[in-house]
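Colleague: So that you have it, the file is protein.cif, and it contains mmCIF, C-alpha atoms:
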```cif
data_structure
loop_
_atom_site.label_atom_id
_atom_site.label_comp_id
_atom_site.auth_asym_id
_atom_site.auth_seq_id
_atom_site.Cartn_x
_atom_site.Cartn_y
_atom_site.Cartn_z
CA MET A 90 0.00 0.00 0.00
CA ILE A 91 1.14 3.51 -0.84
CA ALA A 92 0.45 6.27 1.65
CA VAL A 93 -0.39 9.73 0.32
CA ILE A 94 -0.21 12.09 3.24
CA ASP A 95 -3.42 14.05 3.63
CA VAL A 96 -1.97 17.39 4.57
CA THR A 97 -4.88 19.75 4.17
CA GLY A 98 -7.74 17.51 3.12
CA ASN A 99 -8.35 19.01 -0.30
CA ASN A 100 -7.14 19.17 -3.87
CA LEU A 101 -5.26 15.88 -3.77
CA THR A 102 -7.43 14.41 -6.52
CA SER A 103 -4.82 14.50 -9.25
CA ILE A 104 -2.05 12.60 -7.48
CA GLY A 105 -4.54 9.90 -6.45
CA ASN A 106 -5.84 9.64 -10.03
CA ALA A 107 -2.28 9.23 -11.33
CA ILE A 108 -1.39 6.50 -8.83
CA GLU A 109 -4.56 4.59 -9.69
CA ARG A 110 -3.89 4.95 -13.41
CA LEU A 111 -0.52 3.27 -12.85
CA GLY A 112 -2.33 0.34 -11.23
CA PHE A 113 -1.34 0.92 -7.60
CA GLU A 114 -3.54 1.21 -4.56
CA TYR A 115 -3.13 4.10 -2.20
CA SER A 116 -4.50 5.44 1.01
CA LEU A 117 -5.03 9.15 1.57
CA THR A 118 -4.17 9.34 5.22
CA HIS A 119 -2.69 11.08 8.20
CA ASP A 120 -2.80 7.95 10.34
CA LEU A 121 0.65 7.26 11.85
CA LYS A 122 0.40 3.47 11.63
CA THR A 123 -0.76 3.46 7.98
CA ILE A 124 2.12 5.74 7.05
CA GLU A 125 4.70 3.70 8.96
CA GLU A 126 3.55 0.47 7.31
CA ALA A 127 3.33 1.86 3.76
CA SER A 128 5.75 0.63 1.09
CA HIS A 129 6.14 4.15 -0.32
CA VAL A 130 5.09 7.50 1.08
CA ILE A 131 4.11 10.58 -0.93
CA LEU A 132 4.01 14.05 0.57
CA PRO A 133 1.98 16.07 -1.93
CA GLY A 134 2.25 19.76 -2.49
CA VAL A 135 -0.74 21.81 -1.46
CA GLY A 136 -0.96 25.36 -0.21
CA THR A 137 2.03 26.97 1.45
CA VAL A 138 4.96 25.60 3.47
CA GLY A 139 3.53 27.29 6.58
CA SER A 140 0.04 25.83 6.31
CA ALA A 141 1.42 22.38 5.45
CA MET A 142 3.77 22.41 8.47
CA ASP A 143 0.84 23.41 10.69
CA ALA A 144 -1.13 20.43 9.36
CA LEU A 145 1.80 18.03 9.87
CA GLU A 146 2.20 19.27 13.45
CA LYS A 147 -1.51 18.96 14.12
CA HIS A 148 -1.47 15.31 13.11
CA HIS A 149 1.85 14.65 14.96
CA LEU A 150 3.51 13.59 11.71
CA MET A 151 6.89 15.34 12.10
CA LYS A 152 8.55 12.51 14.02
CA THR A 153 6.92 9.78 11.89
CA LEU A 154 8.25 11.32 8.67
CA SER A 155 11.74 11.72 10.16
CA HIS A 156 11.95 8.05 11.09
CA LEU A 157 10.67 6.53 7.82
CA GLN A 158 12.93 3.98 6.13
CA GLN A 159 10.85 3.48 2.97
CA PRO A 160 11.07 5.75 -0.11
CA LEU A 161 9.50 9.16 0.55
CA LEU A 162 8.63 11.54 -2.32
CA GLY A 163 7.84 15.20 -1.71
CA ILE A 164 6.00 16.88 -4.60
CA CYS A 165 6.18 20.66 -5.19
CA VAL A 166 5.50 22.23 -1.76
CA GLY A 167 5.98 18.68 -0.43
CA MET A 168 9.58 18.82 -1.68
CA GLN A 169 10.07 22.24 -0.10
CA LEU A 170 8.89 20.84 3.26
CA LEU A 171 11.82 18.40 3.29
CA PHE A 172 14.39 21.15 3.84
CA GLU A 173 15.44 22.84 7.08
CA GLN A 174 13.91 26.18 6.25
CA SER A 175 11.84 28.09 3.70
CA GLU A 176 11.63 31.82 3.12
CA GLU A 177 7.88 31.33 2.74
CA ALA A 178 7.34 30.33 6.39
CA ASN A 179 8.52 31.65 9.71
CA LYS A 180 8.92 28.16 11.14
CA PRO A 181 11.38 25.37 10.33
CA GLY A 182 10.65 22.61 7.81
CA LEU A 183 11.11 18.88 8.35
CA GLY A 184 14.89 19.20 8.10
CA LEU A 185 15.34 15.86 6.32
CA LEU A 186 17.52 17.70 3.79
CA PRO A 187 19.98 20.50 4.55
CA GLY A 188 19.43 24.03 3.29
CA CYS A 189 16.85 26.72 2.73
CA VAL A 190 14.13 27.13 0.09
CA LYS A 191 14.13 30.63 -1.42
CA ARG A 192 11.77 32.77 -3.47
CA LEU A 193 12.51 32.72 -7.20
CA PRO A 194 13.61 36.18 -8.33
CA ALA A 195 11.03 38.14 -10.36
CA THR A 196 12.30 40.09 -13.35
CA PRO A 197 10.51 41.88 -16.22
CA GLN A 198 11.01 38.77 -18.42
CA TYR A 199 10.14 36.25 -15.74
CA SER A 200 6.86 36.65 -13.93
CA ILE A 201 6.34 34.64 -10.76
CA PRO A 202 4.97 31.98 -10.30
CA HIS A 203 7.04 29.86 -12.65
CA MET A 204 4.20 28.09 -14.41
CA GLY A 205 4.29 25.77 -17.40
CA TRP A 206 6.35 23.02 -19.01
CA ASN A 207 10.10 23.12 -18.45
CA SER A 208 12.97 20.74 -19.09
CA LEU A 209 15.39 19.08 -16.68
CA ARG A 210 19.14 18.52 -16.73
CA TRP A 211 19.80 15.26 -14.95
CA THR A 212 23.14 15.05 -13.17
CA SER A 213 23.29 11.26 -13.15
CA GLN A 214 21.55 8.08 -14.18
CA CYS A 215 19.36 6.88 -11.34
CA GLY A 216 16.30 4.86 -10.48
CA LEU A 217 14.03 7.84 -10.88
CA ASN A 218 14.93 8.78 -14.47
CA ARG A 219 14.88 5.31 -16.01
CA GLY A 220 13.06 5.52 -19.38
CA LEU A 221 13.16 9.33 -19.51
CA ASN A 222 14.83 11.37 -22.24
CA HIS A 223 16.67 14.68 -22.11
CA ASP A 224 13.85 16.31 -24.09
CA ASP A 225 11.08 15.29 -21.71
CA TYR A 226 9.28 18.24 -20.17
CA PHE A 227 7.57 18.51 -16.78
CA TYR A 228 4.80 20.75 -15.50
CA PHE A 229 5.83 23.32 -12.87
CA VAL A 230 3.74 25.70 -10.76
CA HIS A 231 5.73 27.38 -7.98
CA SER A 232 7.13 30.62 -6.60
CA TYR A 233 9.79 29.16 -4.28
CA ALA A 234 12.60 26.71 -5.00
CA TYR A 235 15.77 25.12 -3.65
CA LEU A 236 18.42 27.06 -5.55
CA SER A 237 21.53 25.21 -4.28
CA LYS A 238 22.98 22.14 -5.97
CA GLU A 239 23.46 19.94 -2.92
CA HIS A 240 21.85 16.50 -3.40
CA ALA A 241 20.45 17.60 -6.80
CA LEU A 242 19.54 14.79 -9.19
CA ALA A 243 18.25 17.25 -11.78
CA ARG A 244 18.42 21.00 -12.26
CA SER A 245 16.17 23.33 -14.17
CA SER A 246 16.22 27.03 -14.93
CA TYR A 247 13.80 29.91 -14.99
CA SER A 248 14.65 33.31 -13.52
CA SER A 249 17.34 31.41 -11.59
CA GLU A 250 18.84 27.94 -11.71
CA PHE A 251 17.18 25.65 -9.20
CA THR A 252 17.03 22.02 -8.13
CA ALA A 253 14.10 20.25 -9.78
CA VAL A 254 14.79 16.76 -8.38
CA VAL A 255 16.56 16.10 -5.10
CA GLN A 256 17.60 12.87 -3.41
CA LYS A 257 19.37 11.87 -0.22
CA ASP A 258 19.17 8.19 0.71
CA HIS A 259 15.47 7.23 0.68
CA ILE A 260 14.27 10.86 0.59
CA TYR A 261 13.22 12.19 -2.83
CA GLY A 262 11.71 15.49 -3.89
CA VAL A 263 10.42 16.86 -7.20
CA GLN A 264 9.60 20.54 -7.68
CA PHE A 265 7.24 19.83 -10.61
CA HIS A 266 3.95 17.92 -10.67
CA PRO A 267 4.53 14.43 -12.12
CA GLU A 268 0.78 13.80 -11.93
CA LYS A 269 0.23 16.64 -14.45
CA SER A 270 3.26 15.95 -16.66
CA ALA A 271 1.73 13.56 -19.20
CA ARG A 272 3.75 10.44 -20.11
CA ALA A 273 7.05 11.71 -18.66
CA GLY A 274 5.43 12.34 -15.29
CA MET A 275 3.82 8.92 -15.24
CA VAL A 276 7.17 7.26 -16.05
CA LEU A 277 8.84 9.11 -13.19
CA LEU A 278 6.03 8.37 -10.75
CA ASN A 279 6.09 4.69 -11.75
CA ASN A 280 9.87 4.65 -11.23
CA PHE A 281 9.39 6.00 -7.72
CA LEU A 282 6.57 3.61 -6.84
CA THR A 283 8.66 0.62 -7.96
CA LEU A 284 11.81 1.64 -6.05
CA ARG A 285 12.76 -1.27 -3.83
CA THR A 286 12.20 -0.69 -0.17
CA SER A 287 15.20 -1.24 2.07
CA MET B 63 13.38 26.88 -20.86
CA LEU B 64 9.66 27.32 -20.42
CA THR B 65 7.79 26.15 -23.52
CA LYS B 66 5.16 27.94 -25.58
CA ARG B 67 1.81 26.28 -24.94
CA ILE B 68 -0.72 24.94 -27.44
CA ILE B 69 -4.16 24.90 -25.83
CA PRO B 70 -7.26 23.36 -27.42
CA CYS B 71 -10.40 24.99 -26.09
CA LEU B 72 -13.49 22.88 -25.55
CA ASP B 73 -16.72 24.86 -25.31
CA VAL B 74 -19.13 22.75 -23.29
CA ARG B 75 -22.92 22.89 -23.41
CA ASP B 76 -25.26 20.23 -22.03
CA HIS B 77 -22.35 17.82 -21.40
CA GLN B 78 -21.11 18.02 -24.99
CA VAL B 79 -18.38 19.95 -26.76
CA VAL B 80 -19.79 22.56 -29.14
CA LYS B 81 -18.35 25.23 -31.39
CA GLY B 82 -19.80 28.48 -32.68
CA VAL B 83 -18.72 31.15 -35.12
CA GLN B 84 -18.11 34.58 -33.57
CA PHE B 85 -19.75 33.24 -30.43
CA ARG B 86 -22.98 32.22 -32.28
CA ASN B 87 -24.68 29.28 -34.02
CA HIS B 88 -23.20 26.50 -31.92
CA ARG B 89 -22.95 22.97 -33.32
CA VAL B 90 -22.00 19.76 -31.48
CA VAL B 91 -18.39 18.61 -31.93
CA GLY B 92 -18.27 15.55 -29.68
CA ASP B 93 -18.02 13.97 -26.25
CA ILE B 94 -16.08 15.81 -23.52
CA LEU B 95 -13.99 12.90 -22.26
CA ALA B 96 -13.22 11.44 -25.69
CA LEU B 97 -11.99 14.81 -26.97
CA ALA B 98 -10.04 15.54 -23.77
CA GLU B 99 -8.21 12.24 -24.12
CA PHE B 100 -7.64 12.69 -27.85
CA TYR B 101 -6.04 16.15 -27.46
CA SER B 102 -4.00 15.07 -24.48
CA ARG B 103 -2.52 12.17 -26.47
CA GLU B 104 -1.90 14.43 -29.48
CA GLY B 105 0.38 16.59 -27.35
CA ALA B 106 -1.80 19.45 -26.11
CA ASP B 107 0.04 21.25 -23.31
CA GLU B 108 -3.12 22.17 -21.49
CA LEU B 109 -6.88 22.14 -22.06
CA VAL B 110 -9.50 24.78 -21.39
CA PHE B 111 -13.15 23.87 -20.82
CA TYR B 112 -15.68 26.67 -21.10
CA ASP B 113 -19.19 25.93 -19.93
CA ILE B 114 -20.53 28.58 -22.28
CA MET B 115 -24.07 28.73 -20.88
CA ALA B 116 -23.17 28.72 -17.19
CA SER B 117 -22.87 32.49 -16.73
CA SER B 118 -25.98 33.36 -18.68
CA ASP B 119 -27.97 30.53 -17.04
CA GLU B 120 -26.71 31.75 -13.65
CA ARG B 121 -25.50 28.32 -12.56
CA PRO B 122 -21.95 27.06 -11.96
CA VAL B 123 -20.03 24.50 -13.99
CA SER B 124 -20.89 20.96 -12.90
CA ALA B 125 -18.11 19.45 -10.77
CA ASP B 126 -19.27 16.05 -11.94
CA TRP B 127 -17.76 16.11 -15.44
CA VAL B 128 -14.74 18.03 -14.13
CA SER B 129 -13.77 15.11 -11.89
CA LYS B 130 -14.27 12.72 -14.82
CA VAL B 131 -11.90 14.85 -16.91
CA ALA B 132 -9.36 14.80 -14.05
CA ARG B 133 -9.46 11.01 -14.01
CA THR B 134 -9.08 10.82 -17.80
CA ILE B 135 -6.13 13.11 -18.56
CA ASN B 136 -2.79 13.87 -16.91
CA ILE B 137 -2.07 17.35 -18.23
CA PRO B 138 -3.22 20.59 -16.61
CA PHE B 139 -6.66 21.93 -17.39
CA THR B 140 -8.68 25.06 -16.76
CA VAL B 141 -12.41 25.28 -16.19
CA ALA B 142 -14.51 28.36 -16.91
CA GLY B 143 -18.15 29.34 -16.75
CA GLY B 144 -20.23 31.06 -14.11
CA ILE B 145 -17.66 30.72 -11.31
CA GLY B 146 -18.89 33.60 -9.19
CA SER B 147 -17.95 32.53 -5.65
CA LEU B 148 -15.14 31.02 -3.60
CA GLU B 149 -17.27 27.93 -2.91
CA LYS B 150 -17.79 27.20 -6.59
CA ALA B 151 -14.08 27.68 -7.27
CA GLN B 152 -13.19 25.39 -4.37
CA ALA B 153 -15.52 22.64 -5.64
CA LEU B 154 -13.93 22.71 -9.12
CA LEU B 155 -10.37 22.75 -7.80
CA ASN B 156 -11.21 19.84 -5.48
CA ALA B 157 -12.68 17.97 -8.45
CA GLY B 158 -9.21 18.17 -10.04
CA ALA B 159 -9.17 21.36 -12.14
CA ASP B 160 -5.78 23.07 -12.04
CA LYS B 161 -7.05 26.56 -12.73
CA ILE B 162 -10.34 28.33 -12.87
CA SER B 163 -11.04 31.07 -15.38
CA ILE B 164 -13.46 33.89 -14.69
CA ASN B 165 -14.91 36.34 -17.15
CA THR B 166 -18.44 37.69 -16.58
CA PRO B 167 -18.27 37.10 -12.77
CA ALA B 168 -15.06 39.17 -12.61
CA LEU B 169 -16.74 42.03 -14.50
CA LYS B 170 -19.72 41.96 -12.15
CA ASN B 171 -17.57 41.69 -9.01
CA PRO B 172 -13.89 42.57 -9.63
CA SER B 173 -12.89 41.90 -6.00
CA LEU B 174 -13.57 38.21 -6.71
CA ILE B 175 -10.16 38.17 -8.44
CA ASN B 176 -8.47 39.38 -5.22
CA GLU B 177 -10.35 36.85 -3.09
CA LEU B 178 -9.62 33.90 -5.36
CA SER B 179 -5.92 34.68 -5.69
CA THR B 180 -5.49 35.26 -1.95
CA ILE B 181 -7.13 31.97 -1.03
CA PHE B 182 -6.06 29.63 -3.84
CA GLY B 183 -2.95 31.41 -5.15
CA SER B 184 -2.71 33.52 -8.29
CA GLN B 185 -1.36 30.49 -10.21
CA CYS B 186 -4.87 29.05 -10.46
CA VAL B 187 -6.74 32.27 -11.27
CA VAL B 188 -7.13 32.99 -14.99
CA VAL B 189 -9.11 35.98 -16.21
CA GLY B 190 -10.74 35.53 -19.60
CA ILE B 191 -11.35 38.75 -21.50
CA ASP B 192 -13.72 38.81 -24.48
CA SER B 193 -12.77 41.95 -26.31
CA GLN B 194 -13.45 43.78 -29.56
CA TRP B 195 -12.93 47.15 -31.20
CA VAL B 196 -15.97 49.43 -30.98
CA GLU B 197 -15.81 52.92 -32.50
CA ASP B 198 -12.84 54.37 -30.60
CA ASP B 199 -11.23 51.60 -28.56
CA TYR B 200 -11.19 47.93 -27.52
CA TYR B 201 -14.01 47.09 -25.09
CA VAL B 202 -14.71 44.07 -22.88
CA TYR B 203 -17.88 42.06 -23.52
CA GLN B 204 -19.86 40.04 -21.02
CA TYR B 205 -22.32 37.09 -21.16
CA THR B 206 -20.69 36.11 -24.45
CA GLY B 207 -21.83 32.49 -24.10
CA ASP B 208 -25.40 33.46 -25.02
CA GLU B 209 -25.93 35.60 -28.13
CA ARG B 210 -29.15 37.07 -26.71
CA LYS B 211 -27.41 38.37 -23.57
CA SER B 212 -23.93 39.20 -24.92
CA CYS B 213 -23.23 42.91 -24.40
CA ASN B 214 -20.57 45.55 -24.05
CA SER B 215 -19.51 45.94 -20.39
CA ARG B 216 -18.38 49.53 -21.23
CA ARG B 217 -14.96 48.73 -19.76
CA ARG B 218 -11.98 49.53 -21.95
CA THR B 219 -9.86 46.40 -22.51
CA MET B 220 -6.46 47.91 -21.66
CA GLU B 221 -7.77 49.42 -18.43
CA TRP B 222 -9.32 46.09 -17.48
CA VAL B 223 -6.06 44.21 -18.20
CA ARG B 224 -4.18 46.52 -15.82
CA GLU B 225 -6.88 46.15 -13.19
CA VAL B 226 -7.00 42.34 -13.23
CA GLN B 227 -3.19 42.21 -13.01
CA ASP B 228 -3.24 44.55 -9.98
CA ARG B 229 -5.96 42.43 -8.38
CA GLY B 230 -3.83 39.28 -8.51
CA ALA B 231 -4.81 37.41 -11.68
CA GLY B 232 -2.22 34.76 -12.63
CA GLU B 233 -2.91 34.62 -16.36
CA ILE B 234 -4.94 36.38 -19.04
CA VAL B 235 -6.75 34.74 -21.94
CA LEU B 236 -7.59 37.39 -24.53
CA ASN B 237 -10.46 36.27 -26.75
CA CYS B 238 -10.47 38.58 -29.75
CA MET B 239 -14.14 38.41 -30.73
CA GLN B 240 -13.93 39.78 -34.25
CA SER B 241 -11.45 37.08 -35.28
CA ASP B 242 -13.17 34.21 -33.39
CA GLY B 243 -14.15 31.19 -35.45
CA VAL B 244 -13.42 32.79 -38.83
CA ARG B 245 -9.91 31.28 -39.15
CA GLN B 246 -8.22 34.38 -40.59
CA GLY B 247 -5.43 34.52 -37.99
CA TYR B 248 -5.07 35.92 -34.49
CA ASP B 249 -5.69 39.62 -33.83
CA LEU B 250 -2.01 40.55 -33.68
CA VAL B 251 -2.60 44.28 -33.25
CA GLN B 252 -4.78 43.85 -30.19
CA LEU B 253 -2.58 41.11 -28.69
CA GLN B 254 0.57 43.22 -29.15
CA GLN B 255 -1.12 46.10 -27.38
CA VAL B 256 -2.06 43.90 -24.41
CA ARG B 257 1.41 42.28 -24.39
CA SER B 258 3.01 45.70 -24.08
CA ILE B 259 1.15 46.51 -20.87
CA THR B 260 1.28 43.22 -18.91
CA THR B 261 3.94 40.83 -17.67
CA LEU B 262 1.37 38.14 -16.85
CA PRO B 263 1.28 34.99 -18.96
CA LEU B 264 -0.85 35.94 -21.97
CA ILE B 265 -2.85 33.43 -23.99
CA ALA B 266 -4.06 34.37 -27.48
CA SER B 267 -7.54 33.22 -28.47
CA GLY B 268 -9.71 33.64 -31.55
CA GLY B 269 -8.84 33.32 -35.20
CA ALA B 270 -6.39 30.43 -35.69
CA GLY B 271 -6.93 28.90 -39.13
CA LYS B 272 -3.57 27.51 -40.21
CA ALA B 273 -0.20 26.55 -38.74
CA SER B 274 1.49 29.83 -39.70
CA ASP B 275 -1.07 31.76 -37.61
CA PHE B 276 0.42 30.13 -34.50
CA LEU B 277 4.01 30.89 -35.52
CA GLU B 278 3.04 34.49 -36.21
CA VAL B 279 1.27 35.02 -32.87
CA PHE B 280 4.21 33.58 -30.90
CA GLU B 281 6.82 35.54 -32.85
CA LYS B 282 5.02 38.85 -33.28
CA ALA B 283 2.78 39.13 -30.22
CA LYS B 284 5.16 37.25 -27.86
CA VAL B 285 2.26 35.42 -26.23
CA ASP B 286 2.91 32.50 -23.86
CA GLY B 287 0.25 30.24 -25.29
CA ALA B 288 -2.14 29.99 -28.19
CA LEU B 289 -5.66 28.73 -27.74
CA ALA B 290 -7.77 27.39 -30.59
CA ALA B 291 -10.87 25.30 -31.17
CA THR B 292 -12.13 25.07 -34.76
CA VAL B 293 -8.78 24.17 -36.39
CA PHE B 294 -8.38 21.28 -33.98
CA HIS B 295 -12.04 20.18 -33.81
CA ASP B 296 -12.34 20.12 -37.61
CA ARG B 297 -8.97 18.28 -37.87
CA ILE B 298 -7.58 21.01 -40.11
CA LEU B 299 -4.40 20.83 -38.05
CA SER B 300 -2.98 18.05 -35.92
CA ILE B 301 -1.35 19.27 -32.74
CA GLY B 302 1.64 17.00 -33.34
CA ASP B 303 2.37 18.43 -36.81
CA LEU B 304 1.78 21.97 -35.59
CA LYS B 305 4.20 21.59 -32.69
CA GLN B 306 6.86 20.03 -34.92
CA MET B 307 6.61 23.01 -37.29
CA LEU B 308 6.92 25.49 -34.40
CA TYR B 309 9.89 23.53 -33.02
CA ASN B 310 11.56 23.59 -36.44
CA ASN B 311 11.15 27.37 -36.35
CA HIS B 312 13.19 27.47 -33.13
CA LEU B 313 10.40 28.06 -30.65
CA PRO B 314 10.65 26.28 -27.28
CA ILE B 315 8.09 23.49 -27.70
CA ARG B 316 7.40 20.24 -25.83
CA LEU B 317 7.61 17.48 -28.43
CA SER B 318 8.07 14.34 -26.36
CA TYR B 319 4.77 13.00 -25.09
#
```
Starting from the coordinates I provided, produce the structure as structure tokens.
Modeller:
Amino acid sequence: MIAVIDVTGNNLTSIGNAIERLGFEYSLTHDLKTIEEASHVILPGVGTVGSAMDALEKHHLMKTLSHLQQPLLGICVGMQLLFEQSEEANKPGLGLLPGCVKRLPATPQYSIPHMGWNSLRWTSQCGLNRGLNHDDYFYFVHSYAYLSKEHALARSSYSSEFTAVVQKDHIYGVQFHPEKSARAGMVLLNNFLTLRTS
Amino acid sequence: MLTKRIIPCLDVRDHQVVKGVQFRNHRVVGDILALAEFYSREGADELVFYDIMASSDERPVSADWVSKVARTINIPFTVAGGIGSLEKAQALLNAGADKISINTPALKNPSLINELSTIFGSQCVVVGIDSQWVEDDYYVYQYTGDERKSCNSRRRTMEWVREVQDRGAGEIVLNCMQSDGVRQGYDLVQLQQVRSITTLPLIASGGAGKASDFLEVFEKAKVDGALAATVFHDRILSIGDLKQMLYNNHLPIRLSY
């Protein structure tokens, strides 16, 4: 069973639809035991880092997420939650990855949010990009990003370079929405959901 | 690099996709889900669904077919039609829509744009503007889904563009009414004028008839996306061929799907 963490209770339809389309079963949950026993855990991106951290605290999920051994995937805001800090919130993140999430710079050419299809530059061959090509595009909608290169599996660029895919041990994060990224997104999501659990 | 977007528009009436000429004389094109899946497979970057009667019937878009669309496709889509309150917007976003587009409701109650963008984020708030030249300037039209109720809102288009940007809109779709459905090309003059006054993502709508119309609107009006219905519904152009041509002309285009 795959656990999709129910952070705010709404607008998680698309990620659930995508998982079902790939033939997996999932549970939309904030139950500690269900999450601990899941084969893979997805932390979806909804709302802001601040509101999501409030919800994780309310359901006492901070410690559970820190102690997971199975693959964990943060999507969009869910990826941003993995870091120690975000400029968007005045409270710390989960701290599973080092560093701070920053606001993308706005310029006359680049309006914020960064919204639309953008490409990735993978830094290495890995389990997550099996079957993907360099000209595959992914759908992004965000105003904040992890700009540093540490633990980056893939980088992308808009008004600044930023990390689009991050990985440290069993912790993964993607800044884009695989569930809205057509075939490429489904390939990536399937790669994650078939990662072997340690 | 962010790609230029090709966006088929599906006008919905009574659970079917329809198409009119200059916003009139609608005929049935096909089934919502079948067309959504077809365009998604062909390489559409995004879809827009307009429930064209919702505003003039004073009822919201049905969340029922929106959730069916969300289960059918895995590309972003926008829903429009009679979304006049936060509750209606919430229901559609929960059903799986990525963005909601408001037109007549925004004209009747401009602060709705502020409320929607504060609560849901500007990234999911699109403002559709139906505009045409009347005597001395471009003006915004309302209730354009119903030819009996369609009328000039008396707002000047450029003033309205600035206002919706200030109020927190995340994207503008400019429907140029005089070129709609007649396949003689996008209204480059009007689009260039709007482009020069806004930094928001701008989507051109109305008038696409051949592949070179798309190239022209991206190159000359610098729009972020091009929306079209008739050329795709009538299979005059395939999205795959169109995107290959744009790519060959050095535009940033998503080809792998």
Colleague: Translate the PyMOL selection byres ((chain B) within 9 of (chain A)), as applied to the file shown, into an explicit residue set as a count of residues only.
Modeller: 36
Colleague: Contacts of range 249-251 of chain A at 7 Å or less, counting all atoms listed in the file, minus same-chain residues fewer than 4 places along, as a short mmCIF file (atom, residue, chain, number, x, y, z; two decimals) with C-alpha atoms, keeping the file's coordinate frame?
Modeller:
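Below is the file result_17.cif, written as the result:
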```
data_model
loop_
_atom_site.label_atom_id
_atom_site.label_comp_id
_atom_site.auth_asym_id
_atom_site.auth_seq_id
_atom_site.Cartn_x
_atom_site.Cartn_y
_atom_site.Cartn_z
CA LEU A 193 12.51 32.72 -7.20
CA PRO A 194 13.61 36.18 -8.33
CA ALA A 234 12.60 26.71 -5.00
CA TYR A 235 15.77 25.12 -3.65
CA LEU A 236 18.42 27.06 -5.55
CA SER A 237 21.53 25.21 -4.28
CA ARG A 244 18.42 21.00 -12.26
CA SER A 245 16.17 23.33 -14.17
#
```
Colleague: Nearest residue to Val166 in chain A out of A:Leu132, A:Glu146, A:Val254, A:Ile124, using only C-alpha atoms?
Modeller: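 Among the listed residues, A:Leu132 lies closest to Val166 in chain A.
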Colleague: Pull the neighbourhood of (-3.5, 30.7, -33.7) for me: all residues within 10 Å in file coordinates, counting only C-alpha atoms, as a list in words.
Modeller: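 Result, sorted by chain then residue number: Ile68, Ile69, Arg245, Gln246, Gly247, Tyr248, Asp249, Leu250, Ala266, Ser267, Gly268, Gly269, Ala270, Gly271, Lys272, Ala273, Ser274, Asp275, Phe276, Leu277, Glu278, Val279, Phe280, Gly287, Ala288, Leu289, Ala290, Ala291 and Val293 of chain B.
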Colleague: Grab the residues selected above and save them as a compact mmCIF listing (two decimals), in the frame of the given file with C-alpha atoms.
Modeller:
```txt
# COMPACT_ATOMS: atom_id res chain seq x y z
CA ILE B 68 -0.72 24.94 -27.44
CA ILE B 69 -4.16 24.90 -25.83
CA ARG B 245 -9.91 31.28 -39.15
CA GLN B 246 -8.22 34.38 -40.59
CA GLY B 247 -5.43 34.52 -37.99
CA TYR B 248 -5.07 35.92 -34.49
CA ASP B 249 -5.69 39.62 -33.83
CA LEU B 250 -2.01 40.55 -33.68
CA ALA B 266 -4.06 34.37 -27.48
CA SER B 267 -7.54 33.22 -28.47
CA GLY B 268 -9.71 33.64 -31.55
CA GLY B 269 -8.84 33.32 -35.20
CA ALA B 270 -6.39 30.43 -35.69
CA GLY B 271 -6.93 28.90 -39.13
CA LYS B 272 -3.57 27.51 -40.21
CA ALA B 273 -0.20 26.55 -38.74
CA SER B 274 1.49 29.83 -39.70
CA ASP B 275 -1.07 31.76 -37.61
CA PHE B 276 0.42 30.13 -34.50
CA LEU B 277 4.01 30.89 -35.52
CA GLU B 278 3.04 34.49 -36.21
CA VAL B 279 1.27 35.02 -32.87
CA PHE B 280 4.21 33.58 -30.90
CA GLY B 287 0.25 30.24 -25.29
CA ALA B 288 -2.14 29.99 -28.19
CA LEU B 289 -5.66 28.73 -27.74
CA ALA B 290 -7.77 27.39 -30.59
CA ALA B 291 -10.87 25.30 -31.17
CA VAL B 293 -8.78 24.17 -36.39
```
Colleague: Can you translate the PyMOL selection byres ((chain A and resi 173) around 8) into the concrete residues it hits in this file, as JSON, numbers by chain?
Modeller: {"A": [170, 171, 172, 174, 175, 181, 182, 183, 184, 185, 186, 187, 188, 189]}
Colleague: Give the answer as one residue: which of A:Ser140, A:Ser128, A:Asn279, A:Gln264 has the shortest atom-to-atom distance to Pro160 in chain A, using only C-alpha atoms?
Modeller: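 Between A:Ser140, A:Ser128, A:Asn279, A:Gln264, the residue approaching Pro160 in chain A most closely is A:Ser128.
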Colleague: For this structure, which residues satisfy the selection - the PyMOL selection byres ((chain A and resi 211-220) around 6) - when it is evaluated on the file as given? I want them as a PyMOL selection string.
Modeller: chain A and resi 210+221+242-243+277+280-281
Colleague: Just how far from CA of Val202 in chain B is CA of Cys238 in chain B, in Å to one decimal?
Modeller: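 Atom-to-atom, CA of Cys238 in chain B to CA of Val202 in chain B, that is 9.8 Å.
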Colleague: Looking at A:Val263, A:Leu282, A:Ala253, A:Met151, which one is nearest to Cys165 in chain A, with distances taken over only C-alpha atoms?
Modeller: A:Val263
Colleague: Return the single residue from B:Ile298, B:Leu308, B:Val187, B:Val244 that is closest to Gly82 in chain B, with distances computed using only C-alpha atoms.
Modeller: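 Of all the options, B:Val244 lies closest to Gly82 in chain B.
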Colleague: Grab the CA of Gln256 in chain A to CA of Met168 in chain A distance for me, in Å with one decimal place.
Modeller: 10.1 Å
